[in-house]
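**Student:** Quick one, upload-v1.cif (mmCIF, C-alpha atoms):
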data_structure
#
loop_
_atom_site.label_atom_id
_atom_site.label_comp_id
_atom_site.auth_asym_id
_atom_site.auth_seq_id
_atom_site.Cartn_x
_atom_site.Cartn_y
_atom_site.Cartn_z
CA MET A 3 3.66 40.07 -26.70
CA ILE A 4 2.73 36.78 -28.32
CA ASN A 5 3.20 38.50 -31.68
CA ASN A 6 6.84 39.00 -30.71
CA ILE A 7 7.21 35.23 -30.45
CA SER A 8 5.70 34.84 -33.91
CA SER A 9 8.00 37.43 -35.46
CA ASN A 10 11.02 36.01 -33.64
CA SER A 11 9.97 32.56 -34.74
CA ALA A 12 9.72 33.71 -38.37
CA SER A 13 13.24 35.12 -38.30
CA LEU A 14 14.51 31.92 -36.71
CA VAL A 15 12.85 29.90 -39.47
CA GLN A 16 14.62 32.01 -42.10
CA GLN A 17 17.98 31.58 -40.36
CA GLN A 18 17.52 27.86 -39.88
CA SER A 19 16.09 27.21 -43.35
CA SER A 20 19.48 27.60 -44.98
CA GLN A 21 20.96 25.08 -42.54
CA THR A 22 18.11 22.60 -42.56
CA ALA A 23 16.59 23.25 -45.97
CA LYS A 24 13.67 21.00 -46.81
CA LEU A 25 13.62 19.17 -50.09
CA THR A 26 11.24 20.63 -52.63
CA THR A 27 8.91 18.34 -54.56
CA ALA A 28 11.11 18.82 -57.63
CA GLN A 29 14.22 17.88 -55.65
CA SER A 30 12.52 14.80 -54.20
CA ASP A 31 11.45 13.77 -57.69
CA PHE A 32 15.01 14.33 -58.94
CA VAL A 33 16.43 12.13 -56.18
CA LYS A 34 13.93 9.38 -57.02
CA GLN A 35 14.72 9.59 -60.75
CA THR A 36 18.46 9.61 -60.12
CA LEU A 37 18.41 6.64 -57.76
CA ALA A 38 16.15 4.68 -60.14
CA GLU A 39 19.15 4.52 -62.48
CA PHE A 40 21.17 2.49 -59.95
CA ASP A 41 20.95 -0.88 -58.23
CA ALA A 42 21.05 -0.36 -54.45
CA GLU A 43 22.39 -3.89 -53.94
CA ASN A 44 25.31 -3.52 -56.36
CA LEU A 45 26.42 0.08 -55.91
CA THR A 46 30.02 0.87 -56.84
CA ALA A 47 32.20 3.77 -55.72
CA GLU A 48 31.81 5.18 -59.23
CA ASN A 49 28.00 4.97 -58.85
CA ALA A 50 28.21 6.72 -55.49
CA LEU A 51 30.30 9.51 -57.01
CA SER A 52 27.77 9.90 -59.84
CA ILE A 53 24.89 10.11 -57.37
CA GLN A 54 26.70 12.68 -55.22
CA ALA A 55 27.65 14.77 -58.26
CA ALA A 56 24.09 14.75 -59.58
CA LEU A 57 22.66 15.79 -56.21
CA LYS A 58 25.27 18.51 -55.75
CA GLU A 59 24.59 19.85 -59.25
CA GLN A 60 20.93 20.23 -58.29
CA GLY A 61 21.84 21.99 -55.04
CA ILE A 62 20.65 19.11 -52.90
CA ALA A 63 22.60 19.07 -49.65
CA PRO A 64 23.08 15.96 -47.51
CA THR A 65 20.39 16.29 -44.84
CA LYS A 66 18.45 13.98 -42.58
CA GLU A 67 15.46 14.38 -44.89
CA LEU A 68 17.55 13.29 -47.90
CA ALA A 69 18.86 10.28 -45.99
CA GLU A 70 15.29 9.30 -45.05
CA LEU A 71 14.12 9.62 -48.66
CA MET A 72 17.06 7.54 -49.86
CA GLY A 73 16.26 4.96 -47.18
CA GLU A 74 12.68 4.74 -48.43
CA LEU A 75 14.15 3.96 -51.84
CA GLU A 76 16.36 1.25 -50.27
CA PHE A 77 19.60 3.23 -50.58
CA ASP A 78 21.84 3.92 -47.61
CA ALA A 79 22.95 7.57 -47.72
CA LYS A 80 25.87 6.93 -45.35
CA SER A 81 27.17 4.09 -47.50
CA ILE A 82 26.93 6.25 -50.60
CA GLY A 83 28.80 9.05 -48.85
CA ASP A 84 31.45 6.64 -47.59
CA ALA A 85 31.85 4.97 -50.99
CA ALA A 86 32.23 8.31 -52.77
CA ARG A 87 34.75 9.69 -50.29
CA PRO A 88 38.40 9.25 -51.23
CA GLU A 89 40.11 6.64 -49.07
CA GLY A 90 41.48 8.09 -45.84
CA GLN A 91 39.40 11.27 -46.04
CA ARG A 92 37.28 11.95 -42.98
CA PRO A 93 33.56 12.69 -43.26
CA PRO A 94 32.51 16.31 -42.75
CA PRO A 95 31.60 17.36 -39.21
CA PRO A 96 27.91 17.38 -38.29
CA PRO A 97 26.01 20.64 -38.84
CA LYS A 98 26.42 23.25 -36.10
CA ASN A 99 22.85 22.85 -34.92
CA SER A 100 22.80 19.06 -34.85
CA ILE A 101 21.10 17.56 -31.83
CA GLU A 102 24.41 16.25 -30.48
CA GLN A 103 25.66 19.81 -30.05
CA VAL A 104 22.58 21.34 -28.44
CA ASN A 105 23.34 22.53 -24.94
CA THR A 106 20.48 21.41 -22.69
CA LYS A 107 21.08 24.38 -20.38
CA ASP A 108 20.50 26.73 -23.34
CA VAL A 109 17.23 24.99 -24.19
CA VAL A 110 15.99 25.09 -20.59
CA SER A 111 17.06 28.73 -20.20
CA TYR A 112 15.26 29.67 -23.41
CA LEU A 113 12.09 27.88 -22.29
CA ASP A 114 12.24 29.52 -18.85
CA GLU A 115 12.58 32.91 -20.46
CA LEU A 116 9.59 32.34 -22.73
CA LEU A 117 7.40 30.93 -19.99
CA ALA A 118 8.25 33.73 -17.57
CA GLN A 119 7.32 36.34 -20.16
CA TYR A 120 4.13 34.83 -21.46
CA SER A 121 2.76 32.19 -19.07
CA SER A 122 -0.30 34.19 -17.99
CA GLN A 123 -1.28 34.89 -21.58
CA LEU A 124 -0.83 31.51 -23.23
CA ASN A 125 -3.55 29.43 -24.81
CA ASP A 126 -3.02 26.02 -26.46
CA GLU A 127 -2.25 27.58 -29.85
CA ASP A 128 0.39 29.82 -28.26
CA LYS A 129 1.95 26.85 -26.49
CA SER A 130 2.20 24.98 -29.81
CA SER A 131 3.76 28.06 -31.38
CA ILE A 132 6.35 28.25 -28.61
CA LEU A 133 7.16 24.56 -28.95
CA SER A 134 7.62 25.05 -32.71
CA ALA A 135 9.89 28.05 -32.08
CA VAL A 136 12.01 25.99 -29.68
CA GLN A 137 12.24 23.12 -32.17
CA GLU A 138 13.27 25.54 -34.92
CA LYS A 139 15.77 27.41 -32.75
CA PHE A 140 17.56 24.20 -31.81
CA ALA A 141 17.08 22.44 -35.19
CA LEU A 142 14.93 19.66 -33.72
CA SER A 143 12.58 17.63 -35.89
CA GLN A 144 8.96 17.52 -34.84
CA GLY A 145 9.39 14.02 -33.42
CA ASP A 146 12.66 14.80 -31.60
CA SER A 147 12.57 15.09 -27.85
CA ILE A 148 13.60 18.40 -26.34
CA LEU A 149 15.22 16.63 -23.42
CA SER A 150 17.70 13.79 -23.57
CA VAL A 151 17.75 11.54 -20.53
CA LYS A 152 20.73 9.20 -20.11
CA ALA A 153 21.28 6.72 -17.29
#
Could you render the structure as C-alpha coordinates?
**Tutor:**
Amino acid sequence: MINNISSNSASLVQQQSSQTAKLTTAQSDFVKQTLAEFDAENLTAENALSIQAALKEQGIAPTKELAELMGELEFDAKSIGDAARPEGQRPPPPPKNSIEQVNTKDVVSYLDELLAQYSSQLNDEDKSSILSAVQEKFALSQGDSILSVKA
(Lines of atoms letter the chains of each structure in order from A and count residues from 1; the text may use other names and numbers.)
(Lines give C-alpha, C1' and ligand atoms only; values in the text may rest on other atoms or scores of the structure.)
Protein backbone atom coordinates (compact mmCIF):
# COMPACT_ATOMS: atom_id res chain seq x y z
CA MET A 1 0.00 0.00 0.00
CA ILE A 2 2.81 2.41 0.80
CA ASN A 3 4.13 1.77 -2.71
CA ASN A 4 0.88 3.25 -4.01
CA ILE A 5 1.73 6.49 -2.23
CA SER A 6 5.16 6.48 -3.85
CA SER A 7 3.77 5.88 -7.33
CA ASN A 8 1.03 8.46 -6.80
CA SER A 9 3.63 10.85 -5.48
CA ALA A 10 5.80 10.31 -8.57
CA SER A 11 2.92 11.11 -10.90
CA LEU A 12 2.10 14.21 -8.85
CA VAL A 13 5.71 15.33 -9.12
CA GLN A 14 5.56 14.99 -12.91
CA GLN A 15 2.29 16.96 -13.07
CA GLN A 16 3.55 19.67 -10.75
CA SER A 17 7.02 19.91 -12.30
CA SER A 18 5.69 21.73 -15.33
CA GLN A 19 3.94 24.26 -13.09
CA THR A 20 6.70 24.69 -10.54
CA ALA A 21 9.76 23.82 -12.61
CA LYS A 22 13.02 24.15 -10.75
CA LEU A 23 15.84 26.11 -12.28
CA THR A 24 18.62 23.96 -13.67
CA THR A 25 22.23 24.82 -12.88
CA ALA A 26 22.63 26.11 -16.43
CA GLN A 27 19.55 28.32 -16.06
CA SER A 28 20.77 29.67 -12.71
CA ASP A 29 24.14 30.43 -14.28
CA PHE A 30 22.40 32.15 -17.20
CA VAL A 31 20.36 34.33 -14.83
CA LYS A 32 23.52 35.30 -12.94
CA GLN A 33 25.39 36.13 -16.17
CA THR A 34 22.45 38.10 -17.54
CA LEU A 35 21.94 40.15 -14.39
CA ALA A 36 25.68 40.84 -14.12
CA GLU A 37 25.27 43.00 -17.23
CA PHE A 38 22.93 45.40 -15.40
CA ASP A 39 23.08 47.78 -12.45
CA ALA A 40 20.34 46.85 -9.96
CA GLU A 41 20.30 50.39 -8.58
CA ASN A 42 19.81 52.08 -11.97
CA LEU A 43 17.56 49.70 -13.86
CA THR A 44 15.50 51.20 -16.68
CA ALA A 45 12.31 49.88 -18.28
CA GLU A 46 14.42 49.04 -21.33
CA ASN A 47 16.79 47.02 -19.10
CA ALA A 48 13.83 45.21 -17.54
CA LEU A 49 12.49 44.33 -20.99
CA SER A 50 15.93 43.03 -22.02
CA ILE A 51 16.16 40.87 -18.90
CA GLN A 52 12.66 39.47 -19.41
CA ALA A 53 13.32 38.75 -23.09
CA ALA A 54 16.59 36.97 -22.31
CA LEU A 55 14.97 34.82 -19.62
CA LYS A 56 12.00 34.00 -21.83
CA GLU A 57 14.32 33.04 -24.70
CA GLN A 58 16.00 30.54 -22.38
CA GLY A 59 12.65 29.13 -21.27
CA ILE A 60 13.01 30.50 -17.76
CA ALA A 61 9.56 31.14 -16.30
CA PRO A 62 8.88 33.62 -13.50
CA THR A 63 8.81 31.45 -10.38
CA LYS A 64 9.40 31.91 -6.68
CA GLU A 65 12.80 30.27 -7.11
CA LEU A 66 13.75 32.77 -9.84
CA ALA A 67 12.62 35.68 -7.66
CA GLU A 68 14.73 34.34 -4.76
CA LEU A 69 17.78 33.97 -6.99
CA MET A 70 17.31 37.48 -8.34
CA GLY A 71 16.95 38.75 -4.77
CA GLU A 72 20.25 37.11 -3.83
CA LEU A 73 21.78 39.08 -6.69
CA GLU A 74 20.18 42.28 -5.34
CA PHE A 75 17.54 42.53 -8.09
CA ASP A 76 13.85 42.77 -7.33
CA ALA A 77 11.94 40.42 -9.65
CA LYS A 78 8.64 42.22 -9.04
CA SER A 79 10.14 45.59 -9.92
CA ILE A 80 11.62 44.15 -13.10
CA GLY A 81 8.27 42.66 -14.04
CA ASP A 82 6.48 45.91 -13.28
CA ALA A 83 9.02 48.00 -15.20
CA ALA A 84 8.81 45.75 -18.26
CA ARG A 85 5.01 45.67 -18.31
CA PRO A 86 3.34 48.21 -20.58
CA GLU A 87 1.65 50.97 -18.61
CA GLY A 88 -1.89 50.07 -17.58
CA GLN A 89 -1.44 46.34 -18.20
CA ARG A 90 -2.27 44.15 -15.22
CA PRO A 91 0.15 41.51 -13.96
CA PRO A 92 -0.70 37.89 -14.77
CA PRO A 93 -2.79 36.00 -12.22
CA PRO A 94 -0.93 33.79 -9.74
CA PRO A 95 -0.39 30.15 -10.75
CA LYS A 96 -3.36 27.84 -10.15
CA ASN A 97 -1.61 25.99 -7.36
CA SER A 98 -0.34 29.04 -5.51
CA ILE A 99 -0.70 28.87 -1.74
CA GLU A 100 -3.37 31.59 -1.76
CA GLN A 101 -5.69 29.32 -3.73
CA VAL A 102 -5.20 26.10 -1.75
CA ASN A 103 -8.43 25.04 -0.10
CA THR A 104 -7.62 24.02 3.47
CA LYS A 105 -10.54 21.58 3.49
CA ASP A 106 -9.00 19.79 0.49
CA VAL A 107 -5.66 19.51 2.28
CA VAL A 108 -7.24 18.19 5.49
CA SER A 109 -9.44 15.77 3.54
CA TYR A 110 -6.43 14.48 1.62
CA LEU A 111 -4.44 14.00 4.84
CA ASP A 112 -7.38 12.23 6.53
CA GLU A 113 -7.68 9.89 3.58
CA LEU A 114 -3.98 9.03 3.65
CA LEU A 115 -3.85 8.55 7.39
CA ALA A 116 -6.97 6.38 7.45
CA GLN A 117 -5.51 4.11 4.77
CA TYR A 118 -2.00 3.75 6.08
CA SER A 119 -1.77 4.79 9.75
CA SER A 120 -1.11 1.29 11.09
CA GLN A 121 1.69 0.71 8.61
CA LEU A 122 3.61 3.97 8.76
CA ASN A 123 7.19 4.37 9.90
CA ASP A 124 9.07 7.70 10.03
CA GLU A 125 10.26 7.37 6.43
CA ASP A 126 6.69 6.77 5.25
CA LYS A 127 5.47 9.80 7.19
CA SER A 128 8.13 11.96 5.50
CA SER A 129 7.09 10.55 2.13
CA ILE A 130 3.46 11.43 2.81
CA LEU A 131 4.39 14.95 3.90
CA SER A 132 6.39 15.37 0.68
CA ALA A 133 3.44 14.09 -1.37
CA VAL A 134 1.13 16.60 0.32
CA GLN A 135 3.59 19.44 -0.28
CA GLU A 136 3.90 18.45 -3.93
CA LYS A 137 0.16 18.00 -4.44
CA PHE A 138 -0.58 21.47 -3.12
CA ALA A 139 2.58 23.15 -4.54
CA LEU A 140 3.98 24.00 -1.11
CA SER A 141 7.67 24.66 -0.60
CA GLN A 142 9.45 22.57 1.99
CA GLY A 143 9.41 25.46 4.47
CA ASP A 144 5.75 26.38 3.84
CA SER A 145 3.23 25.53 6.51
CA ILE A 146 0.42 23.18 5.57
CA LEU A 147 -2.00 25.09 7.75
CA SER A 148 -2.60 28.82 7.76
CA VAL A 149 -3.87 30.23 11.03
CA LYS A 150 -5.36 33.74 10.98
CA ALA A 151 -6.76 35.65 13.95
**Student:** Return the padded bounding box of segment 45-58 of chain A as JSON: axis-aligned, built from all atoms listed in the file, 5 Å added on each side, with centre and edge lengths in Å to one decimal.
**Tutor:**
{"center_x": 27.4, "center_y": 9.3, "center_z": -57.5, "size_x": 19.5, "size_y": 28.4, "size_z": 14.6}
**Student:** I'd like the contact shell of Leu51 of chain A - 10 Å cut-off, only C-alpha atoms, skipping same-chain residues fewer than 6 positions apart - returned as number ranges by chain.
**Tutor:** A: 57, 82-88
**Student:** Could you list, as a ChimeraX atom specification, every residue matched by the PyMOL selection byres ((chain A and resi 68-75) around 12) in this structure?
**Tutor:** /A:22-27,29-43,53-54,57,62-67,76-83
**Student:** Rounded to one decimal in Å, what is the spacing between atom CA of Lys107 of chain A and atom CA of Lys129 of chain A?
**Tutor:** 20.2 Å
**Student:** Determine the nearest neighbour of Leu142 of chain A from the options A:Leu117, A:Leu45, A:Leu124, A:Val109, counting only C-alpha atoms.
**Tutor:**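 Of all the options, A:Val109 lies closest to Leu142 of chain A.
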**Student:** Hey, can you check how far atom CA of Gln137 of chain A sits from atom CA of Lys58 of chain A?
**Tutor:**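 Between atom CA of Gln137 of chain A and atom CA of Lys58 of chain A the gap is 27.3 Å.
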**Student:** Enter the distance from atom CA of Lys139 of chain A to atom CA of Gln119 of chain A, in Å, rounded to one decimal.
**Tutor:**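 Separating atom CA of Lys139 of chain A from atom CA of Gln119 of chain A is a distance of 17.6 Å.
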**Student:** Counting all atoms listed in the file, figure out which residue out of A:Gly61, A:Val136, A:Gln123, A:Ala141 gets nearest to Val110 of chain A.
**Tutor:**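 Nearest to Val110 of chain A: A:Val136.
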